[in-house]
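Colleague: Handing over upload_22.txt, compact mmCIF, C-alpha atoms and all ligand atoms.
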```txt
# COMPACT_ATOMS: atom_id res chain seq x y z
CA MET I 1341 44.12 -16.95 27.10
CA ASP I 1342 41.68 -14.11 26.85
CA ASN I 1343 41.47 -10.44 27.69
CA LEU I 1344 39.99 -9.84 31.15
CA TRP I 1345 38.61 -6.40 30.31
CA LEU I 1346 36.77 -7.85 27.30
CA ARG I 1347 35.51 -10.81 29.34
CA GLN I 1348 33.65 -8.62 31.86
CA LEU I 1349 31.63 -6.81 29.16
CA PRO I 1350 27.99 -7.67 28.37
CA SER I 1351 27.81 -10.44 25.76
CA GLY I 1352 26.51 -8.14 22.98
CA ASP I 1353 29.45 -5.73 23.35
CA ARG I 1354 31.87 -8.60 23.60
CA ALA I 1355 30.53 -10.18 20.42
CA ARG I 1356 30.60 -6.89 18.49
CA LEU I 1357 34.23 -6.18 19.46
CA SER I 1358 35.31 -9.77 18.87
CA ARG I 1359 33.88 -9.70 15.34
CA ALA I 1360 36.01 -6.66 14.51
CA ALA I 1361 39.17 -8.07 16.12
CA GLU I 1362 42.15 -9.61 14.44
CA LEU I 1363 44.76 -11.66 16.29
CA ARG I 1364 48.15 -9.93 16.26
CA PRO I 1365 51.21 -11.45 17.94
CA PHE I 1366 53.90 -9.09 19.28
CA ALA I 1367 57.50 -9.64 20.34
CA ARG I 1368 59.39 -8.04 23.21
CA GLY I 1369 60.75 -4.67 22.09
CA GLU I 1370 58.21 -4.28 19.26
CA VAL I 1371 56.59 -0.85 18.99
CA LEU I 1372 52.81 -1.20 18.61
CA CYS I 1373 52.19 2.52 18.30
CA GLU I 1374 54.72 5.34 18.16
CA ALA I 1375 54.39 8.47 20.31
CA GLY I 1376 53.00 11.36 18.29
CA GLU I 1377 51.44 9.13 15.65
CA SER I 1378 47.73 8.61 15.24
CA ALA I 1379 46.62 5.34 16.77
CA ASP I 1380 44.58 3.45 14.21
CA ALA I 1381 43.80 0.47 16.44
CA VAL I 1382 43.00 -0.58 19.99
CA TRP I 1383 44.99 -3.55 21.27
CA LEU I 1384 43.52 -5.93 23.85
CA PRO I 1385 46.41 -8.11 25.10
CA LEU I 1386 45.56 -11.81 25.43
CA GLU I 1387 48.99 -12.53 26.85
CA GLY I 1388 52.21 -10.56 27.23
CA VAL I 1389 52.82 -7.03 28.52
CA VAL I 1390 52.86 -3.62 26.85
CA GLY I 1391 54.56 -0.57 28.37
CA LEU I 1392 53.55 3.02 27.72
CA ALA I 1393 56.92 4.71 27.29
CA VAL I 1394 57.23 8.47 27.51
CA VAL I 1395 59.89 9.54 24.98
CA LEU I 1396 62.08 12.48 26.02
CA ASP I 1397 63.59 14.88 23.49
CA ASP I 1398 67.02 13.24 23.82
CA GLY I 1399 65.54 9.85 22.94
CA ARG I 1400 65.59 8.37 26.45
CA THR I 1401 62.39 6.73 27.63
CA VAL I 1402 60.62 5.97 30.90
CA ASP I 1403 57.60 3.69 31.17
CA SER I 1404 54.61 5.45 32.70
CA ALA I 1405 52.41 2.34 32.83
CA LEU I 1406 52.32 -1.40 32.13
CA ILE I 1407 49.30 -3.05 30.59
CA GLY I 1408 48.60 -6.77 30.33
CA ARG I 1409 45.46 -8.76 29.66
CA GLU I 1410 43.57 -6.79 32.35
CA GLY I 1411 43.43 -3.80 30.01
CA LEU I 1412 43.74 -2.28 26.58
CA VAL I 1413 46.26 -0.19 24.68
CA GLY I 1414 45.53 2.70 22.33
CA VAL I 1415 42.81 4.48 24.25
CA THR I 1416 44.98 7.23 25.72
CA CYS I 1417 44.65 9.27 22.54
CA GLY I 1418 41.14 10.55 22.95
CA PRO I 1419 38.81 12.22 20.48
CA MET I 1420 40.32 15.66 21.17
CA ASN I 1421 43.80 14.65 20.05
CA GLY I 1422 44.10 11.50 17.97
CA ARG I 1423 47.84 11.28 18.50
CA ALA I 1424 49.36 8.87 20.99
CA ALA I 1425 50.98 10.65 23.95
CA SER I 1426 53.40 7.77 24.52
CA ARG I 1427 55.08 4.89 22.71
CA ALA I 1428 53.33 1.56 23.22
CA VAL I 1429 56.10 -1.03 23.29
CA ALA I 1430 55.93 -4.75 24.09
CA ARG I 1431 57.75 -5.59 27.35
CA ALA I 1432 57.01 -9.32 27.11
CA ASP I 1433 56.13 -11.49 24.09
CA GLY I 1434 52.42 -11.95 23.60
CA ALA I 1435 49.44 -11.45 21.35
CA ALA I 1436 46.50 -9.09 21.23
CA ALA I 1437 43.03 -8.85 19.77
CA CYS I 1438 43.54 -5.81 17.58
CA ILE I 1439 40.42 -3.75 16.82
CA PRO I 1440 40.38 -0.91 14.26
CA ALA I 1441 39.87 2.43 16.03
CA ALA I 1442 36.77 3.20 13.94
CA ALA I 1443 35.06 -0.08 14.89
CA PHE I 1444 35.95 0.47 18.54
CA GLY I 1445 34.51 4.00 18.38
CA GLU I 1446 31.27 2.73 16.85
CA ALA I 1447 30.88 0.08 19.55
CA LEU I 1448 31.46 2.76 22.20
CA GLU I 1449 28.72 4.96 20.76
CA ARG I 1450 26.23 2.11 20.98
CA SER I 1451 26.80 1.01 24.55
CA VAL I 1452 26.70 2.82 27.89
CA ARG I 1453 28.12 -0.29 29.61
CA LEU I 1454 31.09 -0.26 27.26
CA ARG I 1455 31.73 3.43 27.97
CA GLU I 1456 31.55 2.74 31.71
CA ALA I 1457 34.00 -0.15 31.42
CA LEU I 1458 36.39 2.02 29.45
CA ALA I 1459 36.07 4.84 31.99
CA ARG I 1460 36.91 2.39 34.81
CA PHE I 1461 39.98 1.22 32.96
CA THR I 1462 41.22 4.74 32.11
CA GLU I 1463 40.68 5.82 35.75
CA GLY I 1464 42.95 2.97 36.85
CA LEU I 1465 45.46 3.79 34.14
CA PHE I 1466 45.51 7.44 35.23
CA ALA I 1467 46.15 6.30 38.82
CA GLN I 1468 49.03 4.16 37.58
CA VAL I 1469 50.57 7.02 35.60
CA GLN I 1470 50.29 9.47 38.53
CA GLN I 1471 51.71 6.95 40.99
CA THR I 1472 54.62 6.23 38.67
CA ALA I 1473 55.45 9.93 38.31
CA ALA I 1474 55.75 10.24 42.10
CA CYS I 1475 57.54 6.88 42.35
CA ASN I 1476 60.23 7.88 39.84
CA ALA I 1477 60.87 11.11 41.73
CA GLN I 1478 60.88 9.75 45.27
CA HIS I 1479 61.59 6.04 45.57
CA SER I 1480 64.92 4.22 45.50
CA LEU I 1481 65.94 2.35 42.38
CA GLU I 1482 66.00 -0.93 44.31
CA ALA I 1483 62.39 -0.45 45.49
CA ARG I 1484 61.26 0.64 42.01
CA LEU I 1485 62.96 -2.34 40.40
CA ALA I 1486 61.26 -4.71 42.86
CA ARG I 1487 57.91 -3.04 42.04
CA ARG I 1488 58.43 -3.42 38.28
CA ILE I 1489 59.44 -7.08 38.53
CA LEU I 1490 56.27 -7.79 40.55
CA GLU I 1491 54.08 -5.88 38.10
CA LEU I 1492 55.61 -7.75 35.17
CA GLN I 1493 55.17 -11.07 36.95
CA ASP I 1494 51.49 -10.31 37.66
CA ARG I 1495 50.89 -9.72 33.96
CA VAL I 1496 53.07 -12.46 32.51
CA GLU I 1497 51.60 -14.88 35.07
CA ALA I 1498 54.86 -16.84 35.33
CA ASP I 1499 57.72 -16.78 37.83
CA ARG I 1500 60.34 -16.51 35.14
CA LEU I 1501 60.48 -13.33 33.04
CA GLU I 1502 62.35 -13.18 29.77
CA LEU I 1503 64.04 -9.80 29.90
CA ALA I 1504 67.46 -8.27 29.72
CA GLN I 1505 68.92 -5.58 31.98
CA HIS I 1506 68.63 -3.26 29.02
CA ASP I 1507 64.81 -3.72 29.08
CA LEU I 1508 64.60 -2.91 32.78
CA ALA I 1509 66.87 0.13 32.36
CA THR I 1510 64.68 1.40 29.52
CA MET I 1511 61.50 0.86 31.54
CA LEU I 1512 62.87 2.65 34.58
CA GLY I 1513 64.67 5.39 32.65
CA VAL I 1514 68.04 4.72 34.27
CA ARG I 1515 71.47 3.50 33.17
CA ARG I 1516 72.03 -0.19 32.69
CA SER I 1517 74.80 -0.13 35.31
CA GLY I 1518 72.33 1.23 37.88
CA VAL I 1519 69.85 -1.57 37.18
CA SER I 1520 72.65 -4.11 37.30
CA GLU I 1521 73.73 -2.94 40.78
CA ALA I 1522 70.18 -2.82 42.13
CA ALA I 1523 69.37 -6.28 40.68
CA ALA I 1524 72.55 -7.72 42.21
CA LEU I 1525 71.52 -6.36 45.64
CA ILE I 1526 68.05 -7.90 45.32
CA GLU I 1527 69.56 -11.20 44.19
CA ARG I 1528 71.95 -11.26 47.17
CA ARG I 1529 68.92 -10.97 49.46
CA GLY I 1530 67.60 -14.15 47.83
CA LEU I 1531 64.50 -12.48 46.37
CA ILE I 1532 65.24 -13.03 42.67
CA ARG I 1533 67.45 -15.23 40.51
CA ARG I 1534 69.00 -13.98 37.30
CA GLY I 1535 70.53 -15.41 34.19
CA ARG I 1536 71.43 -14.15 30.76
CA GLY I 1537 68.22 -12.59 29.46
CA TRP I 1538 65.93 -13.71 32.27
CA VAL I 1539 64.89 -12.86 35.84
CA ALA I 1540 62.94 -15.21 38.12
CA VAL I 1541 61.12 -14.38 41.32
CA ALA I 1542 62.53 -16.54 44.12
CA ASP I 1543 60.72 -15.07 47.14
CA ARG I 1544 57.56 -13.22 46.23
CA LYS I 1545 56.65 -12.12 49.78
CA GLY I 1546 60.17 -10.81 50.32
CA LEU I 1547 60.08 -8.95 47.00
CA GLU I 1548 56.74 -7.38 47.96
CA GLY I 1549 58.33 -6.26 51.22
CA LEU I 1550 61.20 -4.61 49.37
CA ALA I 1551 59.01 -2.92 46.72
CA CYS I 1552 57.83 0.61 47.40
CA GLY I 1553 54.26 1.13 48.60
CA CYS I 1554 53.22 2.06 45.05
CA TYR I 1555 52.84 -1.64 44.23
CA ALA I 1556 50.30 -2.38 46.98
CA MET I 1557 48.51 0.93 46.46
CA LEU I 1558 47.89 0.28 42.76
CA ARG I 1559 46.77 -3.29 43.43
CA ARG I 1560 44.18 -1.85 45.81
CA VAL I 1561 42.97 0.80 43.34
CA GLU I 1562 42.72 -1.76 40.54
CA GLY I 1563 40.81 -4.11 42.84
CA GLU I 1564 38.37 -1.34 43.79
CA LEU I 1565 37.80 -0.52 40.13
CA GLY I 1566 37.06 -4.16 39.45
CA PHE I 1567 40.09 -5.11 37.43
CA ALA I 1568 43.52 -6.34 38.37
CA ALA I 1569 46.37 -7.91 36.50
ZN ZN Q 1 57.14 3.75 44.24
```
Written as structure tokens, how would this file's structure read?

Modeller:
Amino acid sequence: MDNLWLRQLPSGDRARLSRAAELRPFARGEVLCEAGESADAVWLPLEGVVGLAVVLDDGRTVDSALIGREGLVGVTCGPMNGRAASRAVARADGAAACIPAAAFGEALERSVRLREALARFTEGLFAQVQQTAACNAQHSLEARLARRILELQDRVEADRLELAQHDLATMLGVRRSGVSEAAALIERRGLIRRGRGWVAVADRKGLEGLACGCYAMLRRVEGELGFAA
């Protein structure tokens, strides 16, 4: 397993970042960086999925983006405000190459290509966040759930996803009972199978048909920017 964003960099940049990196495993539900705290590292997932959860003042959360090995976590707090705008939380078990923020900043200063690659990624991430804001306001829970399952599957790269209804409810910012009803509807259509703590995609084409257009739109944008999960 490797990180696809890192792999497309020029060899000098890749070597510099790899030298500074330390392998850090993470488990589903683990918080890599808390909202409002200063991010001291950049995480490049090698496997697994990380969600960027917006934390509301009553403690509820909604994921604004999912990042797998196509991207990196910890870059949304820029030089103007070193504090993370969202909580980075693992949505699937995995591991990341973890690079201290200072070393990442130094590598950025040295390389135009690295800055371009980062700009491409953040442009895609911004598209994902905007699309998700509109999606949460306008699309049905069933369509949003189908979209999220597809996006998780793309990043986990396996048909079977280890996750509980609680995880999906937290990601979508809805009650567990709502997720349970929507998942049951999708299962009755034969598009997914479910068990205790797992969901499996049974009919990918059918699930893509049920998902809102946000899924296909983001795949297109990510393809145009030269990265895709
Ligand atoms: Zn949508």

Colleague: Which residues sit within 12 Å of ligand ZN 1 (chain Q), counting only C-alpha atoms and all ligand atoms, listed as a count of residues only?

Modeller: 34

Colleague: From the set I:Glu1410, I:Asp1433, I:Asp1507, I:Glu1362, which residue has the shortest atom-to-atom contact distance to Trp1345 (chain I), counting all atoms listed in the file?

Modeller: I:Glu1410

Colleague: If you measure from CA of Glu1456 (chain I) to CA of Leu1357 (chain I), what distance in Å do you get, rounded to one decimal?

Modeller: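 A separation of 15.4 Å between them.
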
Colleague: What's the 12 Å shell around Asp1494 (chain I), counting only C-alpha atoms, without same-chain residues fewer than 6 positions away, as number ranges by chain?

Modeller: I: 1387-1389, 1406-1410, 1432, 1487-1488, 1500-1501, 1541, 1544, 1548, 1555, 1559, 1568-1569

Colleague: Region 1438-1454 of chain I: which residues within 10 Å, counting only C-alpha atoms, same-chain residues fewer than 3 positions away excluded, as a PyMOL selection string?

Modeller: chain I and resi 1346+1348-1350+1352-1354+1356-1365+1379-1385+1412-1415+1419+1435+1457-1460

Colleague: Would you work out the distance separating CA of Arg1534 (chain I) from CA of Glu1497 (chain I), expressed in Å to one decimal?

Modeller: 17.6 Å

Colleague: Go through I:Glu1527, I:Asp1342, I:Glu1564, I:Glu1370 and flag the residue nearest Ala1467 (chain I), using all atoms listed in the file for the distances.

Modeller: I:Glu1564

Colleague: Find, counting all atoms listed in the file, the residue in I:Ala1509, I:Leu1490, I:Val1514, I:Leu1525 that gets nearest to Lys1545 (chain I).

Modeller: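 So, comparing all the options, the nearest one is I:Leu1490.
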
Colleague: Using Å and a single decimal, report how far CA of Leu1565 (chain I) sits from CA of Arg1368 (chain I).

Modeller: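 These two atoms are separated by 28.4 Å.
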
Colleague: Under the rule that all atoms listed in the file are counted, which of I:Ile1489, I:Leu1547, I:Ala1498, I:Val1394 is the nearest residue to Val1519 (chain I)?

Modeller: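 Of all the options, I:Ile1489 lies closest to Val1519 (chain I).
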
Colleague: What are the centre and the three edge lengths of an axis-aligned box that wraps all atoms of region 1453-1467 of chain I in the file, given that 4 Å is added to every side, written as JSON and rounded to one decimal in Å?

Modeller:
```
{"center_x": 37.1, "center_y": 3.6, "center_z": 33.0, "size_x": 26.0, "size_y": 15.7, "size_z": 19.6}
```

Colleague: Calculated over only C-alpha atoms, which of the candidates I:Val1429, I:Val1390, I:Val1395, I:Ile1526 has the smallest distance to Ala1542 (chain I)?

Modeller: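 Among the listed residues, I:Ile1526 lies closest to Ala1542 (chain I).
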